[in-house]
>>> print(open('entry.pdb').read())   # PDB, C-alpha atoms
MODEL        1
ATOM      1  CA  MET A 103     101.175 115.629  89.767
ATOM      2  CA  ASN A 104     101.036 113.983  93.198
ATOM      3  CA  ILE A 105     100.825 110.254  92.546
ATOM      4  CA  CYS A 106      99.832 107.981  95.421
ATOM      5  CA  VAL A 107     101.335 104.531  95.132
ATOM      6  CA  PHE A 108      99.972 101.649  97.170
ATOM      7  CA  LEU A 109     102.523  98.829  97.387
ATOM      8  CA  SER A 110     104.380  96.408  99.600
ATOM      9  CA  ALA A 111     107.052  97.279 102.139
ATOM     10  CA  ALA A 112     108.450  93.732 101.795
ATOM     11  CA  ASP A 113     111.773  92.837 100.183
ATOM     12  CA  LEU A 114     110.803  91.082  96.980
ATOM     13  CA  ALA A 115     112.291  89.417  93.898
ATOM     14  CA  ASP A 116     113.855  91.336  91.010
ATOM     15  CA  ARG A 117     110.786  90.770  88.819
ATOM     16  CA  TYR A 118     108.994  93.177  91.181
ATOM     17  CA  THR A 119     111.794  95.508  92.252
ATOM     18  CA  GLY A 120     112.965  96.304  88.703
ATOM     19  CA  PRO A 121     109.609  97.668  87.498
ATOM     20  CA  ALA A 122     109.078  99.441  90.837
ATOM     21  CA  ARG A 123     112.417 101.189  90.449
ATOM     22  CA  GLN A 124     111.589 102.080  86.840
ATOM     23  CA  PHE A 125     108.248 103.563  87.861
ATOM     24  CA  GLY A 126     109.924 105.654  90.564
ATOM     25  CA  GLU A 127     112.492 106.958  88.092
ATOM     26  CA  LEU A 128     109.738 107.854  85.598
ATOM     27  CA  LEU A 129     107.906 109.797  88.297
ATOM     28  CA  GLY A 130     111.014 111.731  89.283
ATOM     29  CA  LYS A 131     112.045 112.485  85.702
ATOM     30  CA  GLY A 132     108.503 113.659  84.970
ATOM     31  CA  GLY A 133     108.653 116.136  87.852
ATOM     32  CA  HIS A 134     105.981 114.310  89.833
ATOM     33  CA  ALA A 135     105.760 113.716  93.577
ATOM     34  CA  LEU A 136     105.415 110.281  95.142
ATOM     35  CA  VAL A 137     102.761 110.069  97.833
ATOM     36  CA  TRP A 138     103.319 106.760  99.606
ATOM     37  CA  GLY A 139     103.214 104.928 102.919
ATOM     38  CA  GLY A 140     106.491 106.528 103.935
ATOM     39  CA  SER A 141     108.391 103.335 104.658
ATOM     40  CA  ASP A 142     112.087 103.023 103.913
ATOM     41  CA  THR A 143     111.899  99.252 103.434
ATOM     42  CA  GLY A 144     111.109  96.846 100.623
ATOM     43  CA  LEU A 145     109.348  98.016  97.477
ATOM     44  CA  MET A 146     108.385 101.268  99.182
ATOM     45  CA  LYS A 147     112.095 102.091  99.507
ATOM     46  CA  VAL A 148     112.821 101.025  95.916
ATOM     47  CA  VAL A 149     110.181 103.360  94.460
ATOM     48  CA  ALA A 150     111.162 106.229  96.768
ATOM     49  CA  ASP A 151     114.842 105.830  95.843
ATOM     50  CA  GLY A 152     113.963 106.017  92.134
ATOM     51  CA  VAL A 153     111.859 109.148  92.631
ATOM     52  CA  GLN A 154     114.357 110.958  94.840
ATOM     53  CA  GLU A 155     117.406 110.125  92.714
ATOM     54  CA  THR A 156     115.731 111.570  89.611
ATOM     55  CA  GLY A 157     114.541 114.821  91.176
ATOM     56  CA  GLY A 158     111.004 114.032  92.321
ATOM     57  CA  ARG A 159     109.462 114.896  95.663
ATOM     58  CA  LEU A 160     108.638 112.405  98.425
ATOM     59  CA  VAL A 161     105.465 112.858 100.469
ATOM     60  CA  GLY A 162     105.145 110.116 103.065
ATOM     61  CA  VAL A 163     102.222 109.200 105.288
ATOM     62  CA  SER A 164     103.238 106.662 107.892
ATOM     63  CA  VAL A 165     101.346 105.453 110.939
ATOM     64  CA  GLY A 166     102.396 105.425 114.592
ATOM     65  CA  PHE A 167     103.234 101.734 114.870
ATOM     66  CA  LEU A 168     105.385 101.917 111.696
ATOM     67  CA  ALA A 169     106.997 105.318 112.349
ATOM     68  CA  ALA A 170     110.366 103.711 113.162
ATOM     69  CA  LYS A 171     110.508 102.527 109.523
ATOM     70  CA  ALA A 172     109.653 105.944 108.070
ATOM     71  CA  ARG A 173     112.088 107.318 105.509
ATOM     72  CA  ALA A 174     114.426 110.016 106.773
ATOM     73  CA  GLY A 175     114.959 112.762 104.212
ATOM     74  CA  ALA A 176     111.487 112.723 102.684
ATOM     75  CA  ASP A 177     110.306 116.162 101.597
ATOM     76  CA  GLU A 178     107.254 115.723 103.801
ATOM     77  CA  MET A 179     106.377 113.043 106.366
ATOM     78  CA  VAL A 180     103.104 112.839 108.263
ATOM     79  CA  ILE A 181     102.480 110.292 111.017
ATOM     80  CA  ALA A 182      98.814 109.276 111.073
ATOM     81  CA  LYS A 183      97.150 108.005 114.237
ATOM     82  CA  ASP A 184      95.809 104.824 112.595
ATOM     83  CA  LEU A 185      95.476 103.025 109.264
ATOM     84  CA  ALA A 186      92.121 104.617 108.443
ATOM     85  CA  GLU A 187      93.560 108.124 108.850
ATOM     86  CA  ARG A 188      96.625 107.082 106.842
ATOM     87  CA  LYS A 189      94.482 105.992 103.872
ATOM     88  CA  ARG A 190      92.424 109.183 104.086
ATOM     89  CA  LEU A 191      95.539 111.383 104.111
ATOM     90  CA  LEU A 192      97.198 109.469 101.266
ATOM     91  CA  LEU A 193      94.135 109.947  99.078
ATOM     92  CA  GLU A 194      93.704 113.615 100.073
ATOM     93  CA  LYS A 195      97.289 114.406  99.041
ATOM     94  CA  ALA A 196      97.044 112.559  95.714
ATOM     95  CA  ASP A 197      95.912 113.595  92.252
ATOM     96  CA  ALA A 198      96.030 109.986  91.038
ATOM     97  CA  VAL A 199      96.583 106.467  92.393
ATOM     98  CA  VAL A 200      98.722 103.549  91.260
ATOM     99  CA  ILE A 201      98.264 100.123  92.818
ATOM    100  CA  MET A 202     101.467  98.089  92.644
ATOM    101  CA  VAL A 203     102.217  94.607  93.960
ATOM    102  CA  GLY A 204     101.479  94.088  97.620
ATOM    103  CA  GLY A 205      99.771  92.069 100.302
ATOM    104  CA  THR A 206      96.599  92.521 102.323
ATOM    105  CA  GLY A 207      97.329  96.168 103.186
ATOM    106  CA  THR A 208      97.726  97.043  99.516
ATOM    107  CA  LEU A 209      94.566  95.128  98.652
ATOM    108  CA  ASP A 210      92.681  97.010 101.388
ATOM    109  CA  GLU A 211      93.880 100.347 100.010
ATOM    110  CA  ALA A 212      93.045  99.318  96.447
ATOM    111  CA  THR A 213      89.501  98.249  97.224
ATOM    112  CA  GLU A 214      88.858 101.426  99.219
ATOM    113  CA  ILE A 215      89.777 103.765  96.356
ATOM    114  CA  LEU A 216      87.770 101.650  93.908
ATOM    115  CA  GLU A 217      84.764 101.717  96.246
ATOM    116  CA  LEU A 218      85.028 105.516  96.489
ATOM    117  CA  LYS A 219      85.158 105.752  92.681
ATOM    118  CA  LYS A 220      82.275 103.337  92.269
ATOM    119  CA  HIS A 221      80.053 105.603  94.356
ATOM    120  CA  GLY A 222      81.262 108.821  92.743
ATOM    121  CA  HIS A 223      83.160 110.118  95.805
ATOM    122  CA  THR A 224      86.340 110.624  93.786
ATOM    123  CA  ASP A 225      87.199 110.953  90.130
ATOM    124  CA  LYS A 226      90.963 110.481  90.543
ATOM    125  CA  PRO A 227      92.453 108.188  87.919
ATOM    126  CA  VAL A 228      93.430 104.760  89.262
ATOM    127  CA  VAL A 229      95.912 102.402  87.630
ATOM    128  CA  LEU A 230      96.514  98.816  88.623
ATOM    129  CA  LEU A 231     100.106  98.046  87.580
ATOM    130  CA  ASN A 232     100.037  94.323  86.902
ATOM    131  CA  THR A 233     103.766  93.614  87.234
ATOM    132  CA  ALA A 234     104.723  90.084  86.179
ATOM    133  CA  GLY A 235     101.031  89.132  86.004
ATOM    134  CA  PHE A 236     100.722  89.552  89.795
ATOM    135  CA  TYR A 237      97.119  90.767  89.578
ATOM    136  CA  ASP A 238      95.874  88.487  86.788
ATOM    137  CA  GLY A 239      93.504  86.729  89.209
ATOM    138  CA  LEU A 240      92.190  90.008  90.619
ATOM    139  CA  LYS A 241      91.696  91.373  87.109
ATOM    140  CA  GLU A 242      89.661  88.285  86.257
ATOM    141  CA  GLN A 243      87.621  88.705  89.457
ATOM    142  CA  PHE A 244      86.880  92.355  88.659
ATOM    143  CA  ARG A 245      85.738  91.364  85.172
ATOM    144  CA  ARG A 246      83.457  88.723  86.665
ATOM    145  CA  MET A 247      82.009  91.336  89.041
ATOM    146  CA  GLU A 248      81.303  93.552  86.046
ATOM    147  CA  ASP A 249      79.892  90.761  83.867
ATOM    148  CA  GLU A 250      77.572  89.514  86.615
ATOM    149  CA  GLY A 251      76.213  92.934  87.576
ATOM    150  CA  PHE A 252      78.076  93.652  90.809
ATOM    151  CA  LEU A 253      79.516  96.957  89.560
ATOM    152  CA  PRO A 254      77.154  99.879  88.912
ATOM    153  CA  ARG A 255      79.762 101.503  86.640
ATOM    154  CA  PRO A 256      81.863  99.975  83.860
ATOM    155  CA  LEU A 257      85.174  98.587  85.083
ATOM    156  CA  THR A 258      86.996 100.873  82.628
ATOM    157  CA  GLU A 259      85.629 103.879  84.554
ATOM    158  CA  LEU A 260      87.026 102.537  87.828
ATOM    159  CA  VAL A 261      90.521 101.339  86.981
ATOM    160  CA  PHE A 262      93.027 101.144  84.133
ATOM    161  CA  PHE A 263      95.131  97.981  83.945
ATOM    162  CA  ALA A 264      98.746  98.570  82.892
ATOM    163  CA  GLU A 265     101.328  95.879  82.323
ATOM    164  CA  GLU A 266     104.354  98.210  82.326
ATOM    165  CA  PRO A 267     105.379 101.330  84.299
ATOM    166  CA  VAL A 268     105.565 103.474  81.138
ATOM    167  CA  GLY A 269     101.938 102.687  80.279
ATOM    168  CA  ALA A 270     100.803 103.425  83.827
ATOM    169  CA  LEU A 271     102.370 106.883  83.877
ATOM    170  CA  ALA A 272     101.248 107.702  80.326
ATOM    171  CA  TYR A 273      97.644 106.904  81.280
ATOM    172  CA  LEU A 274      97.847 109.131  84.379
ATOM    173  CA  GLU A 275      99.407 112.044  82.533
ATOM    174  CA  GLU A 276      96.794 111.806  79.798
ATOM    175  CA  SER A 277      93.969 111.570  82.381
ATOM    176  CA  ILE A 278      95.172 114.682  84.179
ATOM    177  CA  GLY A 279      95.789 116.523  80.905
ATOM    178  CA  ILE A 280      99.589 116.666  81.001
ATOM    179  CA  ARG A 281     100.072 115.085  77.568
TER     180      ARG A 281
ENDMDL
END
>>> encode(input="entry.pdb", output="structure tokens")
Amino acid sequence: MNICVFLSAADLADRYTGPARQFGELLGKGGHALVWGGSDTGLMKVVADGVQETGGRLVGVSVGFLAAKARAGADEMVIAKDLAERKRLLLEKADAVVIMVGGTGTLDEATEILELKKHGHTDKPVVLLNTAGFYDGLKEQFRRMEDEGFLPRPLTELVFFAEEPVGALAYLEESIGIR
């Protein structure tokens, strides 16, 4: 399975890097490919290291102004012309999406895939990995959107909330029919 992971390229605390590393290792051991922003910094590097060191493939999609930070030695690396093309290519190459901790770029990517699902333009499974409660507030906001009628589909059809990397991957494998 090609699993797109949206996440930060920032150097972060162990409470975020540990689960990111674990998720990368699970992907590699499961024979999956990581489709990611291609950066060799921060959490993006941590996940890619875990995947590569356990035998998984790396499929990166960087963008021109970040190409200098692209990971050398990825199995595939595409340089998109802009952020919109980058998001499009990431989603095209993916069978499933995992949203990990990140900033405004990650939030932008997350809301785009959820908007596509909401309108029936994709049926790819999406997991929000809520490491260390990072997305508790967003989870509450999504529930409020659902409760107050802002979502035309049930929240459970749009996104699965996982607290641990093992649960995130298990949900994806079950959704795709691997388990």
>>> atom_distance(input="entry.pdb", atom1="CA of Gly269 (chain A)", atom2="CA of Phe125 (chain A)")
9.9 Å
>>> atom_distance(input="entry.pdb", atom1="CA of Gly132 (chain A)", atom2="CA of Glu155 (chain A)")
12.3 Å
>>> atom_distance(input="entry.pdb", atom1="CA of Gly166 (chain A)", atom2="CA of Met202 (chain A)")
23.2 Å
>>> closest_residue(input="entry.pdb", among="A:Leu240, A:Leu109, A:Ala176, A:Met103", to="Asp151 (chain A)", atoms="all atoms listed in the file")
A:Ala176
>>> resolve_selection(input="entry.pdb", expression="the PyMOL selection byres ((chain A and resi 121) around 12)", output="ChimeraX atom specification")
/A:114-120,122-128,145,148-149,152,202-203,231-234,264-270
>>> write_last_selection(input="entry.pdb", atoms="C-alpha atoms", output="PDB file, in the coordinates of the input")
ATOM      1  CA  LEU A 114     110.803  91.082  96.980  1.00  0.00           C
ATOM      2  CA  ALA A 115     112.291  89.417  93.898  1.00  0.00           C
ATOM      3  CA  ASP A 116     113.855  91.336  91.010  1.00  0.00           C
ATOM      4  CA  ARG A 117     110.786  90.770  88.819  1.00  0.00           C
ATOM      5  CA  TYR A 118     108.994  93.177  91.181  1.00  0.00           C
ATOM      6  CA  THR A 119     111.794  95.508  92.252  1.00  0.00           C
ATOM      7  CA  GLY A 120     112.965  96.304  88.703  1.00  0.00           C
ATOM      8  CA  ALA A 122     109.078  99.441  90.837  1.00  0.00           C
ATOM      9  CA  ARG A 123     112.417 101.189  90.449  1.00  0.00           C
ATOM     10  CA  GLN A 124     111.589 102.080  86.840  1.00  0.00           C
ATOM     11  CA  PHE A 125     108.248 103.563  87.861  1.00  0.00           C
ATOM     12  CA  GLY A 126     109.924 105.654  90.564  1.00  0.00           C
ATOM     13  CA  GLU A 127     112.492 106.958  88.092  1.00  0.00           C
ATOM     14  CA  LEU A 128     109.738 107.854  85.598  1.00  0.00           C
ATOM     15  CA  LEU A 145     109.348  98.016  97.477  1.00  0.00           C
ATOM     16  CA  VAL A 148     112.821 101.025  95.916  1.00  0.00           C
ATOM     17  CA  VAL A 149     110.181 103.360  94.460  1.00  0.00           C
ATOM     18  CA  GLY A 152     113.963 106.017  92.134  1.00  0.00           C
ATOM     19  CA  MET A 202     101.467  98.089  92.644  1.00  0.00           C
ATOM     20  CA  VAL A 203     102.217  94.607  93.960  1.00  0.00           C
ATOM     21  CA  LEU A 231     100.106  98.046  87.580  1.00  0.00           C
ATOM     22  CA  ASN A 232     100.037  94.323  86.902  1.00  0.00           C
ATOM     23  CA  THR A 233     103.766  93.614  87.234  1.00  0.00           C
ATOM     24  CA  ALA A 234     104.723  90.084  86.179  1.00  0.00           C
ATOM     25  CA  ALA A 264      98.746  98.570  82.892  1.00  0.00           C
ATOM     26  CA  GLU A 265     101.328  95.879  82.323  1.00  0.00           C
ATOM     27  CA  GLU A 266     104.354  98.210  82.326  1.00  0.00           C
ATOM     28  CA  PRO A 267     105.379 101.330  84.299  1.00  0.00           C
ATOM     29  CA  VAL A 268     105.565 103.474  81.138  1.00  0.00           C
ATOM     30  CA  GLY A 269     101.938 102.687  80.279  1.00  0.00           C
ATOM     31  CA  ALA A 270     100.803 103.425  83.827  1.00  0.00           C
TER      32      ALA A 270
END
>>> resolve_selection(input="entry.pdb", expression="the PyMOL selection byres ((chain A and resi 138) around 8)", output="ChimeraX atom specification")
/A:106-108,136-137,139-141,146,160-163,192
>>> residues_around(input="entry.pdb", residues="Leu216 (chain A)", least_positions_apart="5", cutoff="8 Å", atoms="all atoms listed in the file", output="list in words")
Val228, Leu260 and Val261 of chain A
>>> residues_around(input="entry.pdb", residues="Gly157 (chain A)", least_positions_apart="5", cutoff="7 Å", atoms="only C-alpha atoms", output="list in words")
Gly130, Lys131 and Gly133 of chain A
>>> write_last_selection(input="entry.pdb", atoms="C-alpha atoms", output="CSV table (one decimal), keeping the file's coordinate frame")
chain,number,residue,atom,x,y,z
A,130,GLY,CA,111.0,111.7,89.3
A,131,LYS,CA,112.0,112.5,85.7
A,133,GLY,CA,108.7,116.1,87.9
